[in-house]
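Engineer: My structure is in entry36.cif, and what it holds is mmCIF, C-alpha atoms:
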data_work
#
loop_
_atom_site.label_atom_id
_atom_site.label_comp_id
_atom_site.auth_asym_id
_atom_site.auth_seq_id
_atom_site.Cartn_x
_atom_site.Cartn_y
_atom_site.Cartn_z
CA MET A 152 -25.87 -1.36 1.76
CA THR A 153 -28.45 0.94 3.33
CA ASP A 154 -28.09 4.60 4.29
CA LYS A 155 -28.37 3.50 7.92
CA ASP A 156 -25.44 1.09 7.55
CA ARG A 157 -23.34 3.75 5.83
CA LYS A 158 -24.06 6.24 8.61
CA ARG A 159 -23.09 3.65 11.22
CA ALA A 160 -19.83 2.93 9.40
CA ASP A 161 -19.08 6.63 8.96
CA ALA A 162 -19.65 7.07 12.69
CA VAL A 163 -16.99 4.41 13.33
CA TYR A 164 -14.54 6.32 11.14
CA SER A 165 -15.35 9.55 12.96
CA ALA A 166 -14.63 7.80 16.26
CA LEU A 167 -11.28 6.62 14.91
CA LEU A 168 -10.41 10.08 13.59
CA ALA A 169 -11.00 11.55 17.04
CA ARG A 170 -7.94 9.58 18.21
CA GLN A 171 -4.24 10.21 17.74
CA GLY A 172 -3.65 10.17 14.01
CA GLU A 173 -2.13 7.56 11.79
CA GLN A 174 1.29 9.19 11.82
CA TRP A 175 1.44 9.25 15.62
CA VAL A 176 3.34 6.10 16.43
CA GLN A 177 4.71 4.67 19.65
CA PRO A 178 6.63 1.37 19.91
CA ARG A 179 3.90 -0.24 21.98
CA VAL A 180 2.37 -3.30 20.36
CA GLU A 181 1.25 -4.61 23.76
CA ARG A 182 -1.57 -2.02 23.89
CA THR A 183 -3.21 -3.48 20.80
CA ARG A 184 -2.60 -6.96 22.18
CA ARG A 185 -4.50 -6.01 25.34
CA VAL A 186 -7.67 -5.11 23.41
CA LEU A 187 -7.41 -8.30 21.37
CA GLU A 188 -7.13 -10.39 24.57
CA PHE A 189 -10.48 -9.01 25.71
CA LEU A 190 -11.91 -10.08 22.34
CA ASP A 191 -10.52 -13.65 22.62
CA ASP A 192 -7.73 -13.01 20.11
CA PRO A 193 -9.64 -12.92 16.81
CA GLN A 194 -6.29 -12.67 14.94
CA ARG A 195 -5.57 -16.30 15.85
CA THR A 196 -8.62 -17.66 14.01
CA PHE A 197 -7.09 -17.49 10.52
CA ARG A 198 -3.74 -18.01 8.82
CA VAL A 199 -1.72 -14.88 8.15
CA VAL A 200 0.60 -13.60 5.44
CA HIS A 201 2.35 -10.56 6.94
CA VAL A 202 3.85 -8.04 4.49
CA THR A 203 6.41 -5.35 5.28
CA GLY A 204 9.02 -3.32 3.37
CA THR A 205 9.29 0.26 2.16
CA ASN A 206 7.65 0.27 -1.28
CA GLY A 207 5.44 -2.22 -3.05
CA LYS A 208 3.78 -3.53 0.13
CA THR A 209 0.23 -2.77 -0.95
CA SER A 210 0.62 -4.02 -4.53
CA THR A 211 2.35 -7.20 -3.35
CA SER A 212 -0.37 -7.74 -0.74
CA ARG A 213 -3.08 -7.37 -3.37
CA VAL A 214 -1.46 -9.94 -5.68
CA ILE A 215 -0.99 -12.36 -2.77
CA GLU A 216 -4.64 -11.98 -1.79
CA SER A 217 -5.78 -12.62 -5.35
CA LEU A 218 -3.63 -15.76 -5.59
CA VAL A 219 -4.91 -17.11 -2.28
CA ARG A 220 -8.54 -16.40 -3.22
CA ALA A 221 -8.10 -18.15 -6.56
CA HIS A 222 -7.25 -21.30 -4.57
CA GLY A 223 -10.85 -21.25 -3.29
CA LEU A 224 -9.96 -19.89 0.14
CA ARG A 225 -11.84 -17.04 1.78
CA THR A 226 -9.55 -14.06 2.17
CA GLY A 227 -9.11 -10.92 4.19
CA LEU A 228 -6.87 -8.05 3.08
CA PHE A 229 -5.73 -5.21 5.35
CA THR A 230 -3.79 -2.37 3.68
CA SER A 231 -3.18 1.32 4.23
CA PRO A 232 -3.76 4.11 3.60
CA HIS A 233 -7.01 4.43 1.67
CA LEU A 234 -7.55 6.50 -1.46
CA GLU A 235 -11.23 7.42 -1.21
CA ARG A 236 -13.00 5.73 1.72
CA PHE A 237 -11.62 3.92 4.75
CA THR A 238 -13.50 0.70 4.01
CA GLU A 239 -10.98 0.13 1.17
CA ARG A 240 -8.46 -0.82 3.86
CA ILE A 241 -10.38 -3.89 5.00
CA MET A 242 -11.40 -6.28 2.23
CA VAL A 243 -13.17 -9.63 2.42
CA ASP A 244 -13.06 -11.93 -0.61
CA GLY A 245 -11.77 -9.15 -2.83
CA GLU A 246 -14.47 -6.63 -1.93
CA ASN A 247 -14.38 -3.63 0.38
CA VAL A 248 -15.80 -4.58 3.75
CA ALA A 249 -19.55 -4.01 4.05
CA ASP A 250 -20.59 -1.04 6.16
CA VAL A 251 -22.74 -3.25 8.36
CA ALA A 252 -19.77 -5.54 9.07
CA VAL A 253 -17.65 -2.55 10.13
CA ALA A 254 -20.36 -1.20 12.40
CA ASP A 255 -21.11 -4.58 13.98
CA ALA A 256 -17.41 -5.22 14.60
CA TRP A 257 -17.06 -1.82 16.28
CA ASP A 258 -19.99 -2.64 18.54
CA GLU A 259 -18.01 -5.69 19.71
CA ILE A 260 -14.83 -3.69 20.27
CA GLU A 261 -16.06 -0.43 21.81
CA PRO A 262 -16.74 -1.59 25.41
CA PHE A 263 -13.17 -2.86 25.74
CA VAL A 264 -11.66 0.30 24.28
CA GLU A 265 -12.87 2.24 27.31
CA ILE A 266 -11.31 -0.33 29.65
CA VAL A 267 -7.91 -0.27 27.93
CA ASP A 268 -7.94 3.53 27.62
CA ALA A 269 -8.52 3.70 31.38
CA GLU A 270 -5.62 1.32 32.00
CA LEU A 271 -3.39 3.44 29.77
CA ALA A 272 -4.43 6.63 31.56
CA ALA A 273 -3.64 5.03 34.92
CA ALA A 274 -0.16 4.19 33.60
CA ASP A 275 0.24 7.78 32.30
CA ASP A 276 0.21 6.48 28.72
CA ALA A 277 -1.66 7.86 25.70
CA PRO A 278 -5.05 6.40 24.67
CA LEU A 279 -5.38 3.86 21.89
CA THR A 280 -4.65 5.39 18.49
CA PHE A 281 -6.38 5.47 15.12
CA PHE A 282 -4.21 2.74 13.61
CA GLU A 283 -4.17 0.51 16.69
CA LEU A 284 -7.97 0.42 16.70
CA LEU A 285 -8.22 0.10 12.93
CA THR A 286 -6.03 -3.00 13.19
CA VAL A 287 -8.29 -4.47 15.87
CA LEU A 288 -11.32 -3.64 13.73
CA ALA A 289 -9.84 -5.50 10.75
CA PHE A 290 -9.04 -8.57 12.84
CA VAL A 291 -12.57 -8.71 14.26
CA VAL A 292 -14.10 -8.29 10.78
CA PHE A 293 -11.94 -11.14 9.47
CA ALA A 294 -12.82 -13.42 12.38
CA ASP A 295 -16.52 -12.66 12.02
CA ALA A 296 -16.54 -13.26 8.24
CA PRO A 297 -14.81 -15.75 8.85
CA VAL A 298 -11.79 -15.79 6.54
CA ASP A 299 -9.35 -18.65 5.97
CA VAL A 300 -6.31 -16.44 5.28
CA ALA A 301 -5.66 -12.77 5.99
CA VAL A 302 -3.02 -10.81 4.12
CA ILE A 303 -1.88 -8.09 6.49
CA GLU A 304 0.20 -5.09 5.43
CA VAL A 305 2.32 -3.55 8.18
CA GLY A 306 1.43 0.04 9.01
CA MET A 307 4.96 1.16 9.85
CA GLY A 308 8.11 -0.83 10.53
CA GLY A 309 7.22 -4.22 11.90
CA LEU A 310 8.46 -5.18 15.37
CA TRP A 311 6.22 -2.82 17.32
CA ASP A 312 3.55 -2.23 14.67
CA SER A 313 0.04 -3.03 15.89
CA THR A 314 -0.34 -5.61 13.11
CA ASN A 315 2.46 -7.63 14.72
CA THR A 316 -0.10 -8.96 17.20
CA ALA A 317 -0.86 -11.47 14.43
CA ASP A 318 1.45 -14.45 13.95
CA GLY A 319 2.39 -14.56 10.30
CA ASP A 320 2.70 -18.02 8.79
CA VAL A 321 4.62 -16.25 6.03
CA ALA A 322 6.62 -13.03 6.49
CA VAL A 323 7.05 -11.13 3.23
CA PHE A 324 9.60 -8.36 2.64
CA SER A 325 9.28 -5.95 -0.27
CA PRO A 326 12.38 -3.80 -1.04
CA ILE A 327 13.64 -1.91 2.02
CA ASP A 328 14.84 1.68 1.68
CA ILE A 329 15.09 4.78 3.88
CA ASP A 330 11.65 6.01 4.97
CA HIS A 331 10.25 7.21 8.31
CA ALA A 332 13.87 7.57 9.45
CA ASP A 333 12.81 9.54 12.53
CA ARG A 334 10.94 6.48 13.80
CA LEU A 335 12.64 3.47 12.22
CA GLY A 336 16.31 4.43 12.08
CA ASN A 337 18.77 6.35 9.95
CA THR A 338 20.34 3.40 8.16
CA ILE A 339 19.04 0.55 6.02
CA ALA A 340 20.37 -1.92 8.60
CA GLU A 341 18.44 -0.27 11.46
CA ILE A 342 15.23 -0.07 9.43
CA ALA A 343 15.54 -3.68 8.27
CA GLU A 344 16.06 -4.85 11.84
CA VAL A 345 12.77 -3.24 12.90
CA LYS A 346 10.95 -4.68 9.89
CA ALA A 347 12.40 -8.15 10.51
CA GLY A 348 10.54 -8.13 13.83
CA ILE A 349 7.50 -9.59 12.05
CA ILE A 350 9.27 -12.96 11.65
CA LYS A 351 7.73 -15.56 13.96
CA ASP A 352 9.05 -18.89 15.21
CA GLY A 353 9.10 -21.48 12.45
CA ALA A 354 7.57 -19.14 9.85
CA ALA A 355 8.44 -19.02 6.18
CA VAL A 356 10.26 -15.84 5.12
CA VAL A 357 10.13 -14.59 1.53
CA SER A 358 12.04 -11.48 0.49
CA ALA A 359 12.62 -9.33 -2.54
CA ARG A 360 16.23 -8.66 -3.49
CA GLN A 361 17.69 -6.43 -0.75
CA SER A 362 20.82 -4.43 -0.04
CA PRO A 363 23.50 -6.45 1.78
CA GLN A 364 22.67 -4.68 5.06
CA ALA A 365 18.93 -5.44 4.82
CA GLU A 366 19.54 -9.03 3.74
CA ALA A 367 21.87 -9.58 6.70
CA ALA A 368 19.25 -8.25 9.13
CA ILE A 369 16.51 -10.46 7.68
CA ARG A 370 18.71 -13.56 7.67
CA ALA A 371 19.78 -12.93 11.27
CA ALA A 372 16.19 -12.57 12.46
CA ALA A 373 15.10 -15.64 10.50
CA GLY A 374 17.95 -17.67 11.94
CA ALA A 375 17.09 -16.64 15.48
CA ARG A 376 13.48 -17.73 14.92
CA GLY A 377 14.20 -20.99 13.12
CA ALA A 378 12.44 -19.60 10.05
CA LEU A 379 13.03 -20.81 6.49
CA VAL A 380 14.15 -17.86 4.36
CA SER A 381 13.95 -17.47 0.57
CA PHE A 382 15.39 -14.53 -1.37
CA GLU A 383 14.63 -13.26 -4.84
CA GLY A 384 17.50 -13.99 -7.18
CA THR A 385 18.75 -17.00 -5.26
CA ASP A 386 15.63 -19.02 -4.45
CA PHE A 387 13.11 -17.56 -6.90
CA ALA A 388 13.28 -14.98 -9.68
CA LEU A 389 11.53 -12.94 -12.32
CA THR A 390 13.12 -14.45 -15.44
CA GLN A 391 11.40 -12.44 -18.16
CA GLN A 392 9.15 -9.42 -18.45
CA ARG A 393 7.82 -7.79 -21.61
CA LEU A 394 5.13 -5.30 -22.47
CA ALA A 395 1.68 -6.39 -23.54
CA VAL A 396 -1.51 -4.52 -24.32
CA GLY A 397 -2.86 -3.19 -21.03
CA GLY A 398 -0.08 -4.71 -18.95
CA GLN A 399 2.80 -7.16 -19.27
CA LEU A 400 3.77 -10.81 -19.75
CA LEU A 401 5.88 -12.38 -17.00
CA SER A 402 7.91 -15.53 -16.60
CA VAL A 403 8.78 -16.50 -13.05
CA ARG A 404 10.94 -19.20 -11.48
CA GLY A 405 9.14 -19.86 -8.24
CA LEU A 406 10.11 -21.90 -5.20
CA ALA A 407 8.20 -24.91 -6.47
CA GLY A 408 7.33 -24.30 -10.11
CA THR A 409 8.06 -22.33 -13.27
CA TYR A 410 5.42 -20.03 -14.72
CA ASP A 411 5.85 -18.80 -18.29
CA ASP A 412 4.22 -15.91 -20.16
CA GLU A 413 1.60 -15.10 -17.54
CA TYR A 414 -0.42 -11.95 -18.28
CA LEU A 415 -0.53 -9.31 -15.53
CA PRO A 416 -2.92 -6.43 -16.35
CA ILE A 417 -0.91 -3.68 -14.62
CA TYR A 418 2.04 -1.58 -15.76
CA GLY A 419 5.55 -1.20 -14.38
CA GLY A 420 8.59 -3.41 -14.13
CA HIS A 421 8.46 -3.04 -10.35
CA GLN A 422 5.02 -4.66 -10.41
CA ALA A 423 6.51 -7.67 -12.18
CA PHE A 424 8.94 -8.10 -9.28
CA ASN A 425 6.06 -7.66 -6.83
CA ALA A 426 4.17 -10.44 -8.62
CA ALA A 427 7.18 -12.78 -8.43
CA LEU A 428 7.44 -12.08 -4.71
CA ALA A 429 3.72 -12.78 -4.30
CA ILE A 430 4.03 -16.11 -6.11
CA ALA A 431 6.83 -17.22 -3.78
CA ALA A 432 4.80 -16.11 -0.76
CA VAL A 433 1.77 -18.15 -1.81
CA GLU A 434 3.90 -21.17 -2.67
CA SER A 435 5.24 -20.92 0.89
CA LEU A 436 1.73 -20.68 2.36
CA VAL A 437 0.09 -23.39 0.26
CA GLY A 438 2.26 -26.49 0.22
CA GLY A 439 5.23 -25.22 2.19
CA GLY A 440 7.18 -24.12 -0.88
CA THR A 441 7.04 -27.56 -2.50
CA GLN A 442 3.77 -27.39 -4.46
CA PRO A 443 3.52 -25.38 -7.71
CA ILE A 444 0.54 -23.10 -8.23
CA ALA A 445 -1.78 -24.67 -10.81
CA PRO A 446 -1.72 -22.80 -14.15
CA ASP A 447 -5.47 -22.09 -14.17
CA ILE A 448 -5.29 -20.69 -10.63
CA LEU A 449 -2.39 -18.38 -11.49
CA THR A 450 -4.09 -17.16 -14.67
CA GLU A 451 -7.35 -16.47 -12.82
CA ALA A 452 -5.57 -14.69 -9.98
CA PHE A 453 -3.49 -12.41 -12.18
CA ALA A 454 -6.49 -11.54 -14.33
CA GLN A 455 -8.35 -10.07 -11.37
CA VAL A 456 -5.44 -8.08 -9.87
CA THR A 457 -5.95 -4.34 -9.55
CA THR A 458 -3.67 -1.76 -7.94
CA PRO A 459 -5.65 1.46 -7.36
CA GLY A 460 -3.52 4.58 -7.21
CA ARG A 461 -0.53 2.83 -8.76
CA LEU A 462 -0.03 3.85 -12.39
CA GLN A 463 -3.80 4.09 -12.62
CA LEU A 464 -5.24 5.46 -15.85
CA ALA A 465 -7.46 8.39 -14.84
CA GLY A 466 -7.92 10.24 -18.13
CA ILE A 467 -7.60 9.94 -21.90
CA ASN A 468 -7.06 12.55 -24.62
CA PRO A 469 -4.84 13.60 -22.91
CA THR A 470 -3.59 10.59 -21.03
CA VAL A 471 -3.55 11.16 -17.26
CA LEU A 472 -2.00 8.66 -14.87
CA VAL A 473 -2.14 8.66 -11.08
CA ASP A 474 0.56 7.18 -8.88
CA ALA A 475 1.06 7.54 -5.11
CA ALA A 476 4.92 7.71 -5.37
CA HIS A 477 5.20 9.19 -1.88
CA ASN A 478 8.93 8.66 -1.32
CA PRO A 479 12.07 8.66 -3.49
CA HIS A 480 12.09 4.88 -3.95
CA GLY A 481 8.50 4.98 -5.21
CA ALA A 482 9.24 7.97 -7.44
CA ARG A 483 12.20 6.15 -9.02
CA ALA A 484 10.01 3.13 -9.69
CA LEU A 485 7.39 5.40 -11.26
CA VAL A 486 9.92 7.05 -13.58
CA ALA A 487 11.27 3.66 -14.66
CA ALA A 488 7.72 2.48 -15.41
CA LEU A 489 6.92 5.59 -17.45
CA ARG A 490 10.00 4.97 -19.59
CA GLU A 491 9.35 1.24 -19.98
CA SER A 492 5.61 1.17 -20.52
CA PHE A 493 4.54 4.42 -22.21
CA ASP A 494 5.50 6.12 -25.46
CA PHE A 495 5.25 9.86 -24.81
CA ASP A 496 7.81 12.59 -25.51
CA GLU A 497 6.83 14.97 -22.73
CA TRP A 498 5.40 14.51 -19.24
CA GLY A 499 3.61 17.18 -17.27
CA MET A 500 3.85 16.25 -13.60
CA VAL A 501 1.35 17.43 -11.02
CA VAL A 502 3.24 17.08 -7.75
CA GLY A 503 2.02 17.49 -4.18
CA VAL A 504 3.85 16.14 -1.15
CA LEU A 505 3.27 15.79 2.58
CA ALA A 506 5.64 17.76 4.81
CA ASP A 507 6.95 14.67 6.63
CA LYS A 508 8.11 13.12 3.35
CA ASP A 509 11.38 13.62 1.46
CA ALA A 510 10.08 16.15 -1.05
CA SER A 511 13.58 16.94 -2.32
CA GLY A 512 14.26 13.24 -2.97
CA ILE A 513 10.93 12.82 -4.73
CA VAL A 514 11.54 15.81 -7.03
CA ASP A 515 15.10 14.59 -7.67
CA ALA A 516 13.71 11.25 -8.85
CA LEU A 517 11.01 12.80 -11.05
CA ALA A 518 13.15 15.58 -12.55
CA PRO A 519 14.89 13.64 -15.37
CA THR A 520 11.52 12.70 -16.89
CA ALA A 521 9.53 15.88 -16.14
CA THR A 522 8.97 18.47 -18.85
CA HIS A 523 6.88 20.77 -16.66
CA ILE A 524 6.03 20.63 -12.95
CA PHE A 525 2.58 21.75 -11.83
CA ALA A 526 3.20 22.29 -8.12
CA THR A 527 0.29 21.92 -5.73
CA ALA A 528 -0.54 20.47 -2.30
CA PRO A 529 -2.71 17.60 -1.06
CA THR A 530 -5.71 18.55 1.06
CA SER A 531 -4.11 17.76 4.40
CA GLU A 532 -2.84 19.59 7.46
CA ARG A 533 0.40 17.67 6.87
CA ALA A 534 0.87 18.98 3.32
CA SER A 535 3.99 20.76 2.20
CA ASP A 536 2.93 24.03 0.54
CA ALA A 537 2.99 24.27 -3.23
CA ASP A 538 5.64 27.02 -3.23
CA SER A 539 8.10 24.69 -1.48
CA VAL A 540 7.59 22.04 -4.15
CA ALA A 541 7.98 24.71 -6.84
CA ASP A 542 11.26 25.91 -5.31
CA LEU A 543 12.65 22.38 -5.44
CA ALA A 544 11.65 22.05 -9.10
CA GLU A 545 13.16 25.44 -10.01
CA GLU A 546 16.44 24.49 -8.30
CA ARG A 547 16.63 21.60 -10.76
CA GLY A 548 16.04 23.86 -13.75
CA LEU A 549 12.50 22.69 -14.47
CA PRO A 550 9.70 24.89 -15.81
CA VAL A 551 7.16 25.14 -13.01
CA THR A 552 3.84 26.75 -12.21
CA VAL A 553 2.17 26.97 -8.81
CA HIS A 554 -1.48 26.06 -8.24
CA SER A 555 -3.66 26.54 -5.20
CA ASP A 556 -5.22 23.09 -5.28
CA LEU A 557 -5.31 19.87 -7.26
CA SER A 558 -8.28 20.90 -9.37
CA ALA A 559 -6.46 23.98 -10.67
CA ALA A 560 -3.20 22.07 -11.16
CA ALA A 561 -4.89 19.22 -13.01
CA MET A 562 -6.80 21.57 -15.29
CA ALA A 563 -3.59 23.43 -16.19
CA ALA A 564 -1.71 20.17 -16.76
CA ARG A 565 -4.43 18.66 -18.93
CA GLU A 566 -4.68 21.86 -20.97
CA TRP A 567 -0.88 21.82 -21.42
CA ALA A 568 -0.94 18.19 -22.54
CA ALA A 569 -3.84 18.72 -24.93
CA ALA A 570 -1.96 21.57 -26.66
CA ALA A 571 0.58 19.30 -28.37
CA ASP A 572 0.99 15.74 -29.56
CA ARG A 573 2.77 13.06 -27.53
CA ARG A 574 2.24 14.75 -24.19
CA ALA A 575 0.78 13.14 -21.07
CA VAL A 576 0.19 13.94 -17.41
CA ILE A 577 1.17 12.10 -14.23
CA ILE A 578 -0.19 13.09 -10.81
CA ALA A 579 2.13 11.93 -8.04
CA GLY A 580 3.84 12.59 -4.72
CA SER A 581 1.26 11.58 -2.13
CA VAL A 582 -1.31 8.87 -1.47
CA ILE A 583 -3.74 11.59 -0.40
CA LEU A 584 -3.18 13.48 -3.67
CA ALA A 585 -3.69 10.24 -5.62
CA GLY A 586 -7.02 9.66 -3.88
CA GLU A 587 -8.14 13.20 -4.60
CA ALA A 588 -7.16 12.80 -8.25
CA ILE A 589 -9.19 9.61 -8.68
CA VAL A 590 -12.28 11.29 -7.25
CA LEU A 591 -11.74 14.43 -9.35
CA ALA A 592 -11.17 12.43 -12.55
CA ASP A 593 -14.46 10.62 -12.05
CA ALA A 594 -16.38 13.81 -11.22
CA GLU A 595 -14.96 15.71 -14.21
CA GLU A 596 -15.09 12.69 -16.55
CA TRP A 597 -11.46 12.90 -17.67
CA LYS A 598 -11.95 9.68 -19.62
CA SER A 599 -14.26 11.58 -21.94
CA GLY A 600 -11.30 13.63 -23.12
CA TRP A 601 -10.30 17.27 -22.86
CA GLN A 602 -13.12 19.79 -23.18
CA GLU A 603 -12.29 23.40 -24.08
#
In C-alpha cells, write the structure found in this file.
Structural biologist:
Amino acid sequence: MTDKDRKRADAVYSALLARQGEQWVQPRVERTRRVLEFLDDPQRTFRVVHVTGTNGKTSTSRVIESLVRAHGLRTGLFTSPHLERFTERIMVDGENVADVAVADAWDEIEPFVEIVDAELAAADDAPLTFFELLTVLAFVVFADAPVDVAVIEVGMGGLWDSTNTADGDVAVFSPIDIDHADRLGNTIAEIAEVKAGIIKDGAAVVSARQSPQAEAAIRAAAGARGALVSFEGTDFALTQQRLAVGGQLLSVRGLAGTYDDEYLPIYGGHQAFNAALAIAAVESLVGGGTQPIAPDILTEAFAQVTTPGRLQLAGINPTVLVDAAHNPHGARALVAALRESFDFDEWGMVVGVLADKDASGIVDALAPTATHIFATAPTSERASDADSVADLAEERGLPVTVHSDLSAAAMAAREWAAAADRRAVIIAGSVILAGEAIVLADAEEWKSGWQE
C-alpha cells in the first residue's frame, strides 16, 4: 500500500460520506440494481451466502467466510459497520480490501453514479446513498478480484436492502428480535417478513432457532420460493459447548455430519450457536447439505476466526473487554457471556449509546451484572448524551459517574478496576464506541497494564 493509494481510497470514502448517511434508508432496492445493470451485474459473477437477522450477523458471516476459504475457494466478505476504517467492510481472502482495489473499483462506478443520480432527480427521488454505493463498490471489488463466493451481510432488513440485488444461493438467518422498528415493523412477525425477503427461488435457507412468529414468516417465504429450509434444533444443533483456554470447545450436529470437540478461539455461548449456524450454511453451499465438512478444513477454519469488537480483549491488569452490544438482544448475549466465560466479582461498565437505539433496553440488560456504570457518549452526531445514559442507570439503582468522552470514562473505569482484586471493565453499547475503544486501547497500550 502506498500513500497515494491510501489517499485515493480515503477520497472514495469522503465521496460516500457526502451522501445520505447509512441510517437513511428507503425501501428502494431498484436504485442499486440500476447502477449494477450499467456495470454488467458484477454481483452475478460469484456465488453468494446472504446473511440477515438482528444480532450475530457479522460474527456468523465471519465464520462462514473462514469455512468457505478453508475449502480452497477465494472469498469476499461484506459486513457493516466498521470499527476503525471503512476498508474493514470489504474483505478479500480474509484481508481488508487493498486501497488500490477500492479506488480502481470506484473509478469504474463513478461515471454511472452521475447517470443514475440524474434519473432519480428527474423522478423527484433522492440521490444514491452511502450504503447503496458501498454495496455496489463491494460487488465490483469482488468481481474484479475475482472471488468464488461472497458472504454478504444485509445492511438493514432484507427485502429492500441494497444487498438484495445479489441472488443468495444460501439465505442465512441469525436470531430475529425487535430492532429498527420504525423502519422494519413493530412486531417480530413484521420484521421477520421483511428479512425473509432475501430468500430466492430454489435457494437453501438456514436459520437459527427463532420465535414461532419469525419461524412462520421464514417458512412461508421459503415455501413460496421453493426453497429448502433447515432450522437449528430440528435439522442441526449445537450439542455441547464448554470453556477452553482462550475460547471454547464445541460439538455440532450438522446437516450432513457430526463435529466433536472443535476449538473456537472466541468467547460467548452465543458465538457457539453462531458457529453451528455457519457450519449448516456451508454444508448447504458446498454439497447441498449432503456432504460433511472435512475435519482438517473445519479445524483450520475455526482456528483463524476472529470477531473484532465482539468480546475483544483490549486491556490487561485490569482486564478490559470491548463489545458492540448495540441493542438489548446483544446486551443480553454479552451479559450471558460474561457470566459463562469470565471469573470476576465486579464489572465496571463504560456505556455509550446512539440516540436511535433502545438505550433503556440496553441498560436494563446490563444492569444485573454491572457494579458501576461509567456513562459516556460515542463520538457521533447520533449519540445519546452521557447524562441520559446516567439517568437510566440511576433509575435502576446503579452507582454511576458521568464522563465527557470515552478517554475520560475508560481512564476512570480502569482506575476503579485496578483498585481492587477481581474487578474488570467492559466497554459496550455502540459499534462506534467499540471502534473508538480499540483505537484508544492501542494508543494508550492498555495491554501493558495500568500505569499510575
Engineer: Hey, can you check how far CA of Val214 in chain A sits from CA of Met307 in chain A?
Structural biologist: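 Answer for the CA of Val214 in chain A to CA of Met307 in chain A separation: 20.1 Å.
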Engineer: Near Pro416 in chain A, within 7 Å and counting only C-alpha atoms, which residues show up once chain neighbours fewer than 3 positions away are dropped, as an mmCIF file with C-alpha atoms, in the coordinates of the input?
Structural biologist:
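Listed below is the output, around34.cif:
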data_model
loop_
_atom_site.group_PDB
_atom_site.id
_atom_site.type_symbol
_atom_site.label_atom_id
_atom_site.label_comp_id
_atom_site.auth_asym_id
_atom_site.auth_seq_id
_atom_site.Cartn_x
_atom_site.Cartn_y
_atom_site.Cartn_z
ATOM 1 C CA GLY A 397 -2.860 -3.190 -21.030
ATOM 2 C CA GLY A 398 -0.080 -4.710 -18.950
ATOM 3 C CA GLN A 399 2.800 -7.160 -19.270
ATOM 4 C CA ALA A 454 -6.490 -11.540 -14.330
#
Engineer: Show me, as a ChimeraX atom specification, the residues that have an atom within 6 Å of Pro193 in chain A when counting only C-alpha atoms, minus same-chain residues fewer than 6 positions from it.
Structural biologist: /A:290-291,294
Engineer: Could you tell me which residues the PyMOL selection byres ((chain A and resi 474) around 7) returns for this structure, as number ranges by chain?
Structural biologist: A: 460-463, 472-473, 475-476, 578-579, 585
Engineer: Export C-alpha atoms of the chosen residues as a PDB file, in the frame of the given file?
Structural biologist:
ATOM      1  CA  GLY A 460      -3.520   4.580  -7.210  1.00  0.00           C
ATOM      2  CA  ARG A 461      -0.530   2.830  -8.760  1.00  0.00           C
ATOM      3  CA  LEU A 462      -0.030   3.850 -12.390  1.00  0.00           C
ATOM      4  CA  GLN A 463      -3.800   4.090 -12.620  1.00  0.00           C
ATOM      5  CA  LEU A 472      -2.000   8.660 -14.870  1.00  0.00           C
ATOM      6  CA  VAL A 473      -2.140   8.660 -11.080  1.00  0.00           C
ATOM      7  CA  ALA A 475       1.060   7.540  -5.110  1.00  0.00           C
ATOM      8  CA  ALA A 476       4.920   7.710  -5.370  1.00  0.00           C
ATOM      9  CA  ILE A 578      -0.190  13.090 -10.810  1.00  0.00           C
ATOM     10  CA  ALA A 579       2.130  11.930  -8.040  1.00  0.00           C
ATOM     11  CA  ALA A 585      -3.690  10.240  -5.620  1.00  0.00           C
TER      12      ALA A 585
END
Engineer: Considering all atoms listed in the file, can you say which of A:Ala272, A:Ile513, A:Thr450, A:Thr552 comes closest to Ala484 in chain A?
Structural biologist: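 Ranked by minimum distance to Ala484 in chain A, first place goes to A:Ile513.
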Engineer: Neighbouring residues of range 216-226 of chain A were defined as those with any atom within 6 Å, considering all atoms listed in the file; residues of the same chain fewer than 2 positions away were excluded. Please report them as an NGL selection string.
Structural biologist: :A and (213-214 or 243-244 or 298-301 or 448 or 452)
Engineer: Find the residues near range 369-382 of chain A: any atom within 9 Å, counting all atoms listed in the file, skip ones fewer than 2 places away on the same chain, and give them as a count of residues only.
Structural biologist: 30
